[in-house]
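To be precise, the following lines are entry.txt, and they hold compact mmCIF, C-alpha atoms.
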```txt
# COMPACT_ATOMS: atom_id res chain seq x y z
CA MET A 22 -0.15 -17.89 -21.05
CA PRO A 23 2.79 -16.03 -22.64
CA SER A 24 6.28 -16.65 -21.29
CA THR A 25 7.89 -13.92 -19.21
CA SER A 26 10.24 -13.02 -22.09
CA GLN A 27 7.22 -12.28 -24.30
CA LEU A 28 5.51 -9.89 -21.87
CA PRO A 29 5.11 -6.28 -23.08
CA LYS A 30 6.83 -3.37 -21.31
CA THR A 31 3.48 -2.06 -20.10
CA ILE A 32 0.97 -3.25 -17.55
CA PRO A 33 -2.42 -4.55 -18.75
CA THR A 34 -5.78 -2.80 -18.44
CA LEU A 35 -8.83 -4.73 -17.23
CA ASP A 36 -12.36 -3.44 -17.78
CA PHE A 37 -14.12 -4.07 -14.46
CA SER A 38 -17.57 -3.68 -16.04
CA LEU A 39 -17.06 -7.00 -17.87
CA LEU A 40 -17.44 -8.82 -14.55
CA SER A 41 -21.07 -7.70 -14.25
CA HIS A 42 -22.34 -9.41 -17.40
CA ASP A 43 -22.69 -13.16 -17.92
CA GLU A 44 -21.50 -12.97 -21.53
CA THR A 45 -18.24 -11.15 -20.62
CA LYS A 46 -17.51 -12.44 -17.11
CA HIS A 47 -15.37 -15.32 -18.37
CA GLN A 48 -13.24 -12.91 -20.43
CA PHE A 49 -12.64 -10.72 -17.37
CA LEU A 50 -11.68 -13.69 -15.18
CA GLN A 51 -9.26 -14.96 -17.81
CA GLU A 52 -7.62 -11.54 -18.12
CA LEU A 53 -7.55 -11.23 -14.32
CA ARG A 54 -5.81 -14.63 -14.01
CA ASP A 55 -3.09 -13.62 -16.47
CA ALA A 56 -2.62 -10.20 -14.82
CA LEU A 57 -2.33 -11.70 -11.33
CA PHE A 58 0.07 -14.43 -12.46
CA HIS A 59 2.36 -12.48 -14.79
CA HIS A 60 2.23 -8.87 -13.60
CA GLY A 61 0.74 -8.38 -10.13
CA PHE A 62 0.13 -4.80 -11.26
CA PHE A 63 -2.59 -3.65 -13.65
CA TYR A 64 -5.06 -0.89 -14.46
CA LEU A 65 -8.71 -1.34 -13.50
CA SER A 66 -11.11 0.79 -15.56
CA ASN A 67 -14.86 1.47 -15.26
CA VAL A 68 -14.67 0.80 -11.56
CA LEU A 69 -16.07 3.93 -9.84
CA PRO A 70 -18.29 6.85 -10.84
CA GLU A 71 -16.33 9.88 -12.02
CA ALA A 72 -17.79 11.88 -9.10
CA ALA A 73 -16.12 9.53 -6.58
CA PHE A 74 -12.69 10.31 -8.07
CA GLN A 75 -13.37 14.03 -8.23
CA ASP A 76 -14.68 14.23 -4.66
CA ILE A 77 -11.73 12.41 -3.07
CA LYS A 78 -9.27 14.45 -5.15
CA SER A 79 -10.91 17.72 -4.16
CA GLU A 80 -10.97 16.93 -0.43
CA SER A 81 -7.41 15.59 -0.53
CA LEU A 82 -6.08 18.80 -2.07
CA LYS A 83 -7.98 20.83 0.51
CA PHE A 84 -6.34 18.90 3.35
CA PHE A 85 -2.83 19.86 2.28
CA ASP A 86 -3.93 23.50 2.02
CA ILE A 87 -5.05 23.85 5.65
CA PRO A 88 -2.63 25.57 8.07
CA LEU A 89 0.33 23.48 9.22
CA GLU A 90 -0.74 23.79 12.86
CA GLU A 91 -4.05 22.11 11.96
CA LYS A 92 -2.27 19.24 10.21
CA LEU A 93 0.03 18.82 13.20
CA LYS A 94 -2.98 18.41 15.50
CA VAL A 95 -3.64 15.12 13.70
CA ALA A 96 0.02 14.11 13.37
CA MET A 97 0.59 10.36 13.40
CA VAL A 98 2.90 10.69 16.37
CA HIS A 99 -0.26 11.36 18.43
CA SER A 100 -1.76 8.00 17.37
CA LYS A 101 -0.70 4.64 18.77
CA HIS A 102 -2.66 3.17 15.82
CA PHE A 103 -0.32 4.60 13.14
CA LEU A 104 -3.04 6.87 11.77
CA GLY A 105 -2.77 10.56 10.98
CA TYR A 106 -0.49 13.06 9.28
CA ASN A 107 3.20 12.66 8.46
CA GLY A 108 5.25 15.60 7.28
CA LEU A 109 8.14 15.65 4.86
CA GLY A 110 10.77 13.08 5.87
CA ASP A 111 8.67 11.34 8.54
CA GLU A 112 8.61 7.96 6.81
CA ILE A 113 11.45 5.65 5.77
CA THR A 114 11.44 3.06 2.96
CA ALA A 115 14.43 0.92 1.96
CA LYS A 116 16.63 2.90 4.39
CA ASN A 117 16.00 6.19 2.58
CA VAL A 118 13.82 9.13 3.55
CA ASP A 119 10.55 9.31 1.59
CA TRP A 120 10.08 12.82 0.22
CA ARG A 121 6.34 13.07 0.68
CA GLU A 122 3.64 14.37 2.98
CA GLN A 123 0.73 12.08 3.76
CA VAL A 124 -2.23 11.47 5.99
CA GLU A 125 -3.60 8.01 6.80
CA PHE A 126 -7.09 6.90 7.74
CA ALA A 127 -8.71 3.50 8.23
CA THR A 128 -12.02 1.80 8.73
CA GLU A 129 -13.31 3.44 11.92
CA LEU A 130 -12.84 0.90 14.71
CA PRO A 131 -12.92 1.17 18.53
CA GLU A 132 -9.88 1.19 20.78
CA PRO A 133 -8.71 -2.45 21.17
CA ILE A 134 -8.44 -4.18 24.53
CA ILE A 135 -4.76 -4.69 25.41
CA THR A 136 -4.03 -7.08 28.28
CA ASP A 137 -0.25 -7.50 27.95
CA GLU A 138 2.72 -6.70 25.72
CA ASP A 139 1.91 -9.61 23.39
CA ASP A 140 -1.35 -7.84 22.49
CA LEU A 141 0.26 -4.56 21.39
CA TYR A 142 -0.02 -5.49 17.72
CA LYS A 143 -3.81 -5.08 18.12
CA ASN A 144 -3.16 -1.33 18.20
CA LEU A 145 -2.94 -1.55 14.42
CA GLU A 146 -6.70 -1.03 14.69
CA GLY A 147 -8.41 1.88 16.40
CA PRO A 148 -10.05 5.29 15.92
CA ASN A 149 -8.92 7.84 13.35
CA LEU A 150 -7.58 11.34 13.94
CA TRP A 151 -9.79 13.65 11.87
CA PRO A 152 -8.93 17.24 10.90
CA SER A 153 -11.22 20.00 12.14
CA SER A 154 -14.56 20.27 10.33
CA ARG A 155 -14.16 24.03 10.70
CA TYR A 156 -11.58 23.89 7.91
CA LEU A 157 -12.80 20.76 6.11
CA PRO A 158 -16.56 20.28 6.63
CA SER A 159 -16.91 17.61 3.91
CA PHE A 160 -13.62 15.81 4.46
CA LYS A 161 -14.64 13.10 6.95
CA PRO A 162 -17.80 11.94 5.13
CA THR A 163 -15.99 11.94 1.77
CA VAL A 164 -13.00 9.94 3.03
CA SER A 165 -15.15 7.53 5.05
CA GLY A 166 -17.42 6.99 2.04
CA TYR A 167 -14.45 6.34 -0.25
CA ILE A 168 -13.02 3.77 2.19
CA ASP A 169 -16.42 2.04 2.38
CA GLU A 170 -16.81 2.04 -1.41
CA LEU A 171 -13.37 0.57 -2.04
CA SER A 172 -13.79 -1.96 0.79
CA GLU A 173 -16.86 -3.28 -1.02
CA LEU A 174 -14.90 -3.31 -4.27
CA ALA A 175 -12.08 -5.25 -2.59
CA ARG A 176 -14.58 -7.91 -1.44
CA THR A 177 -15.90 -8.25 -4.99
CA LEU A 178 -12.36 -8.51 -6.36
CA SER A 179 -11.45 -11.15 -3.77
CA SER A 180 -14.33 -13.32 -4.96
CA ALA A 181 -13.30 -12.73 -8.56
CA ILE A 182 -9.71 -13.76 -7.73
CA GLU A 183 -11.05 -17.03 -6.27
CA ASP A 184 -12.88 -17.73 -9.54
CA ALA A 185 -9.97 -16.59 -11.71
CA ILE A 186 -7.35 -18.90 -10.16
CA GLY A 187 -9.68 -21.81 -9.50
CA LEU A 188 -10.15 -21.64 -5.74
CA PRO A 189 -13.32 -22.87 -3.97
CA SER A 190 -15.73 -20.08 -3.06
CA GLY A 191 -14.82 -18.50 0.28
CA SER A 192 -11.14 -19.57 0.19
CA LEU A 193 -9.98 -15.94 0.42
CA GLN A 194 -13.03 -14.45 2.10
CA LYS A 195 -12.31 -16.48 5.24
CA PHE A 196 -9.31 -14.24 5.95
CA PHE A 197 -11.57 -11.20 6.45
CA LYS A 198 -13.55 -10.24 9.52
CA GLU A 199 -17.14 -9.08 9.16
CA ILE A 200 -15.95 -5.51 9.76
CA GLN A 201 -12.50 -5.70 8.22
CA GLN A 202 -10.01 -2.87 8.48
CA ALA A 203 -8.82 -1.16 5.32
CA LYS A 204 -6.52 1.86 5.16
CA LEU A 205 -6.40 4.94 2.98
CA LYS A 206 -3.23 6.93 2.45
CA ILE A 207 -3.57 10.39 0.89
CA ILE A 208 -0.14 11.43 -0.35
CA LYS A 209 1.42 14.61 -1.69
CA TYR A 210 4.80 14.26 -3.37
CA PRO A 211 6.03 17.86 -3.42
CA ASP A 212 7.96 19.54 -6.17
CA LEU A 213 11.13 19.82 -4.09
CA SER A 214 12.44 22.73 -6.14
CA SER A 215 9.97 24.91 -4.23
CA ARG A 216 10.78 23.45 -0.79
CA SER A 217 14.51 24.11 -0.41
CA ALA A 218 14.28 25.21 3.24
CA ASP A 219 12.23 22.14 4.19
CA VAL A 220 14.64 19.85 2.34
CA ALA A 221 17.62 21.36 4.16
CA SER A 222 15.86 20.90 7.52
CA VAL A 223 15.12 17.21 6.86
CA LYS A 224 18.66 16.57 5.67
CA ARG A 225 20.05 18.08 8.90
CA GLU A 226 17.73 15.86 10.96
CA PHE A 227 19.18 12.72 9.36
CA ASP A 228 22.84 13.86 9.23
CA ASN A 229 24.09 11.31 11.76
CA SER A 230 21.57 8.53 11.16
CA GLN A 231 21.75 5.23 9.27
CA PHE A 232 19.21 6.54 6.73
CA LYS A 233 19.90 8.24 3.38
CA THR A 234 18.23 11.42 2.07
CA GLU A 235 18.46 11.05 -1.71
CA LEU A 236 16.00 13.44 -3.34
CA PHE A 237 14.85 11.20 -6.21
CA GLN A 238 12.84 8.98 -3.83
CA GLY A 239 9.18 9.84 -3.42
CA VAL A 240 8.79 6.40 -1.90
CA GLY A 241 11.47 3.74 -2.17
CA GLU A 242 11.20 0.41 -3.96
CA HIS A 243 9.03 -2.00 -2.00
CA ARG A 244 6.25 -4.54 -2.17
CA ASP A 245 3.04 -3.80 -0.31
CA ASN A 246 2.52 -5.89 2.83
CA ASP A 247 -1.25 -6.06 2.66
CA PHE A 248 -3.69 -8.21 0.68
CA LEU A 249 -4.26 -5.82 -2.22
CA THR A 250 -3.75 -2.15 -3.06
CA LEU A 251 -5.87 0.17 -5.21
CA ILE A 252 -4.08 3.35 -6.29
CA TYR A 253 -5.71 6.49 -7.66
CA GLN A 254 -3.14 8.72 -9.39
CA ALA A 255 -4.92 12.05 -9.17
CA THR A 256 -2.43 14.27 -11.06
CA PRO A 257 -0.73 13.78 -14.46
CA HIS A 258 2.77 13.07 -13.12
CA ASN A 259 4.53 10.04 -14.59
CA SER A 260 6.18 8.98 -11.32
CA LEU A 261 4.94 5.46 -10.46
CA GLN A 262 7.14 2.61 -11.70
CA VAL A 263 7.03 -1.18 -11.39
CA LYS A 264 9.84 -3.70 -11.94
CA ASP A 265 9.38 -6.38 -14.56
CA TYR A 266 10.83 -9.92 -14.47
CA ASN A 267 14.07 -8.70 -16.08
CA GLY A 268 14.61 -6.14 -13.34
CA ASP A 269 13.76 -3.19 -15.61
CA TRP A 270 11.58 -0.31 -14.45
CA ILE A 271 8.27 0.14 -16.32
CA ASP A 272 6.39 3.45 -16.14
CA VAL A 273 2.80 3.31 -14.86
CA PRO A 274 1.45 6.68 -16.03
CA PRO A 275 -1.88 7.92 -14.66
CA VAL A 276 -5.05 7.10 -16.60
CA GLU A 277 -8.05 9.29 -15.88
CA ASN A 278 -10.75 7.78 -13.63
CA THR A 279 -8.85 4.50 -13.43
CA LEU A 280 -7.33 2.62 -10.49
CA VAL A 281 -4.06 0.71 -10.38
CA PHE A 282 -4.35 -2.71 -8.72
CA ALA A 283 -1.29 -4.10 -6.91
CA VAL A 284 -1.05 -7.61 -5.45
CA GLY A 285 0.14 -7.45 -1.83
CA MET A 286 2.65 -9.81 -0.24
CA THR A 287 -0.15 -11.30 1.88
CA LEU A 288 -2.12 -12.35 -1.21
CA GLU A 289 1.03 -13.76 -2.80
CA TYR A 290 1.76 -15.87 0.27
CA ILE A 291 -1.84 -17.08 0.71
CA THR A 292 -1.98 -18.23 -2.94
CA GLN A 293 1.50 -19.85 -2.82
CA GLY A 294 2.82 -17.43 -5.42
CA VAL A 295 0.05 -17.81 -8.00
CA CYS A 296 -0.70 -14.11 -7.48
CA VAL A 297 2.62 -12.29 -7.71
CA SER A 298 3.50 -9.22 -5.65
CA THR A 299 5.68 -6.82 -7.62
CA VAL A 300 8.35 -4.33 -6.57
CA HIS A 301 7.40 -0.72 -7.28
CA ARG A 302 8.45 2.82 -6.39
CA VAL A 303 7.51 6.47 -6.86
CA LEU A 304 9.96 9.07 -8.14
CA SER A 305 9.88 12.64 -6.88
CA PRO A 306 8.23 15.04 -9.35
CA VAL A 307 10.45 16.57 -12.01
CA PRO A 308 11.40 20.09 -10.82
CA GLY A 309 8.90 22.61 -12.13
CA GLN A 310 6.08 20.10 -12.67
CA GLY A 311 4.32 20.85 -9.38
CA ASP A 312 3.15 18.52 -6.62
CA ARG A 313 1.92 14.97 -7.30
CA LEU A 314 -1.23 13.68 -5.54
CA SER A 315 -1.96 10.01 -5.01
CA VAL A 316 -4.69 8.24 -3.00
CA SER A 317 -3.87 4.64 -2.09
CA PHE A 318 -6.28 2.11 -0.57
CA PHE A 319 -4.87 -0.93 1.26
CA GLN A 320 -7.04 -3.95 2.02
CA SER A 321 -5.69 -5.94 4.95
CA ILE A 322 -6.78 -9.27 6.43
CA ASP A 323 -7.74 -10.21 9.99
CA ILE A 324 -4.65 -9.31 12.04
CA GLU A 325 -5.40 -12.17 14.44
CA SER A 326 -5.27 -14.84 11.74
CA LYS A 327 -2.27 -17.18 11.61
CA LYS A 328 0.17 -17.84 8.79
CA GLU A 329 -1.75 -19.99 6.32
CA ASN A 330 -2.11 -20.52 2.59
CA VAL A 331 -4.70 -22.16 0.38
CA GLU A 332 -4.33 -25.41 -1.51
CA ILE A 333 -3.40 -25.06 -5.17
CA SER A 334 -3.09 -27.76 -7.80
CA ASP A 335 0.16 -29.48 -8.76
CA GLU A 336 -0.24 -27.96 -12.22
CA ALA A 337 -0.42 -24.45 -10.70
CA LYS A 338 2.67 -25.14 -8.58
CA LYS A 339 4.53 -26.22 -11.72
CA LEU A 340 3.53 -23.05 -13.56
CA VAL A 341 4.67 -20.89 -10.61
CA ALA A 342 8.03 -22.68 -10.54
CA GLU A 343 8.52 -22.22 -14.30
CA ARG A 344 7.61 -18.54 -14.09
CA ASP A 345 9.89 -17.85 -11.15
CA ALA A 346 12.84 -19.69 -12.73
CA SER A 347 13.10 -16.94 -15.36
CA ARG A 348 12.35 -14.11 -12.97
CA ILE A 349 15.09 -11.90 -11.55
CA LYS A 350 14.65 -11.92 -7.79
CA ASN A 351 14.27 -8.29 -6.76
CA LYS A 352 15.71 -7.55 -3.35
CA ILE A 353 13.91 -4.97 -1.26
CA GLY A 354 14.68 -3.38 2.08
CA PHE A 355 14.57 -5.41 5.28
CA GLN A 356 11.10 -6.62 6.24
CA PHE A 357 9.90 -8.52 9.29
CA GLN A 358 8.41 -11.80 8.08
CA VAL A 359 5.26 -13.47 9.39
CA ALA A 360 6.22 -15.85 12.22
CA GLU A 361 4.81 -19.38 12.41
CA ASP A 362 3.76 -18.98 16.05
CA LYS A 363 2.32 -15.44 16.02
CA PRO A 364 -0.67 -13.71 14.41
CA VAL A 365 0.01 -12.02 11.06
CA GLY A 366 -0.61 -8.65 12.70
CA TYR A 367 2.57 -8.99 14.76
CA SER A 368 4.92 -8.68 11.76
CA VAL A 369 2.77 -5.88 10.30
CA PHE A 370 3.09 -4.06 13.62
CA LEU A 371 6.90 -4.38 13.60
CA ASN A 372 7.09 -3.17 10.00
CA ARG A 373 4.93 -0.16 10.86
CA ILE A 374 7.34 0.76 13.66
CA LYS A 375 10.23 0.33 11.21
CA SER A 376 8.59 2.75 8.76
CA HIS A 377 7.47 5.20 11.46
CA PRO A 378 10.25 5.38 14.07
CA LYS A 379 8.85 8.59 15.62
CA VAL A 380 5.59 6.82 16.43
CA GLY A 381 7.53 3.83 17.73
CA GLU A 382 9.71 6.03 19.92
CA ARG A 383 6.70 7.70 21.54
CA TRP A 384 4.35 4.74 22.04
CA TYR A 385 6.55 1.64 21.93
CA PRO A 386 10.08 2.74 22.97
CA LYS A 387 11.30 -0.72 24.00
CA ILE A 388 10.11 -2.41 20.81
CA ASN A 389 11.24 0.56 18.72
CA LYS A 390 14.79 0.22 20.01
CA TRP A 391 14.83 -3.49 19.15
CA VAL A 392 13.37 -2.85 15.68
CA LEU A 393 16.05 -0.25 14.87
CA GLU A 394 18.73 -2.71 16.03
CA GLN A 395 17.35 -5.36 13.65
CA VAL A 396 17.34 -2.88 10.76
CA LYS A 397 20.93 -1.88 11.51
CA GLU A 398 22.06 -5.51 11.75
CA SER A 399 20.40 -6.31 8.42
CA ALA A 400 22.56 -3.65 6.77
CA ASN A 401 25.68 -5.52 7.89
CA CYS A 402 24.58 -8.90 6.53
```

Final structure tokens representation of the file:
Amino acid sequence: MPSTSQLPKTIPTLDFSLLSHDETKHQFLQELRDALFHHGFFYLSNVLPEAAFQDIKSESLKFFDIPLEEKLKVAMVHSKHFLGYNGLGDEITAKNVDWREQVEFATELPEPIITDEDDLYKNLEGPNLWPSSRYLPSFKPTVSGYIDELSELARTLSSAIEDAIGLPSGSLQKFFKEIQQAKLKIIKYPDLSSRSADVASVKREFDNSQFKTELFQGVGEHRDNDFLTLIYQATPHNSLQVKDYNGDWIDVPPVENTLVFAVGMTLEYITQGVCVSTVHRVLSPVPGQGDRLSVSFFQSIDIESKKENVEISDEAKKLVAERDASRIKNKIGFQFQVAEDKPVGYSVFLNRIKSHPKVGERWYPKINKWVLEQVKESANC
């Protein structure tokens, strides 16, 4: 493997079709191993039919064109499961307002059974809020089909990761339920030069809060909490950036009909750092360039599983230590960490409240108050 100082200022591209052929499978696994270990962020080509990209893009654009009152009917504040629509300024990352609109869906699951306050984290799973078929007759089947297709892809990639980093078969698969939740976030980053009244309204809302409203932030620098992320950049904006080991920002421009793979913090922890989760962000579109559209898929693990990692070799541990010794440690905003004595879903639940205080205030006011206190205290440390 190359040293971190020798790595190029671009992320690699892996051809997913190589995995399907015996004569090229080894090449793919070798490239996957290097990408997971050195970058944690890479392009994945030849992964879906062109029609799948076009269909999800078309339906996503249609959603943002429906009347505001229809979008507000499926607002996330109506969902105790953190699913639904968020308007401009409804989400916070790294203590700054995210200048984006988005709608979130997940694997369709029934309402969980909650017996006491300790079970509230189970509300991470539950039914979706779907927009009216009167306005979007093809939206639900298209989105549901895309989630199913990428969930199957995520399973295939999980098995490939096992092979690539030398884990016994099933080492990662054991963290997934038979019907495992995945989430899909459809995001519009508006050209703020055409939304001056909306910008002024959001700024007034946060005038006396602990949160900033700097306009450059589409979404602030962060690492994804989940197992893995698959990002479809559906418009030509050069807005996505990832930090390299020297702390420099690298552009991740869109490539047609290609996904961007990001290692999540959960996968990094499970593999004891062999797979590295990388800090990234999205910049607001350059004024005059129009709105940016992105569709991000997040594969999670069983929220009732406990904090656990897999065994790796002493040689792998040595390589991780050598890599991290030359790596600038990138600080990100305050995150609740997985506790030793609680299911992994508990910390995910707290982080969701942190990112969506309006949902927390409506459905979990007591916990929401405590979460905001922890965030405020972290700023004083």

- Task: Would you please work out which residue, of A:Ala127, A:Ile208, A:Val263, A:Leu57, is nearest to Gly239 of chain A when using all atoms listed in the file?
- Result: A:Ile208

- Query: How many Å separate atom CA of Lys224 of chain A from atom CA of Ala255 of chain A?
  - Reply: 28.2 Å

- Query: What is the distance, in Å and to one decimal place, between atom CA of Trp384 of chain A and atom CA of Glu325 of chain A?
  - Reply: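 So the answer is 20.9 Å.
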
- Query: Around (-19.7, -7.1, 8.4) in the file's frame, which residues reach within 12 Å when counting only C-alpha atoms? Return as a VMD selection string?
  - Reply: chain A and resid 128 169 172 to 173 176 194 197 to 202

- Note on the structure: Expressed in Å, the length from atom CA of Tyr266 of chain A to atom CA of Ser347 of chain A is 7.4 Å

- Message: I'd like the contact shell of Phe232 of chain A - 8 Å cut-off, all atoms listed in the file, skipping same-chain residues fewer than 3 positions apart - returned as a VMD selection string.
- Response: chain A and resid 113 116 to 118 227
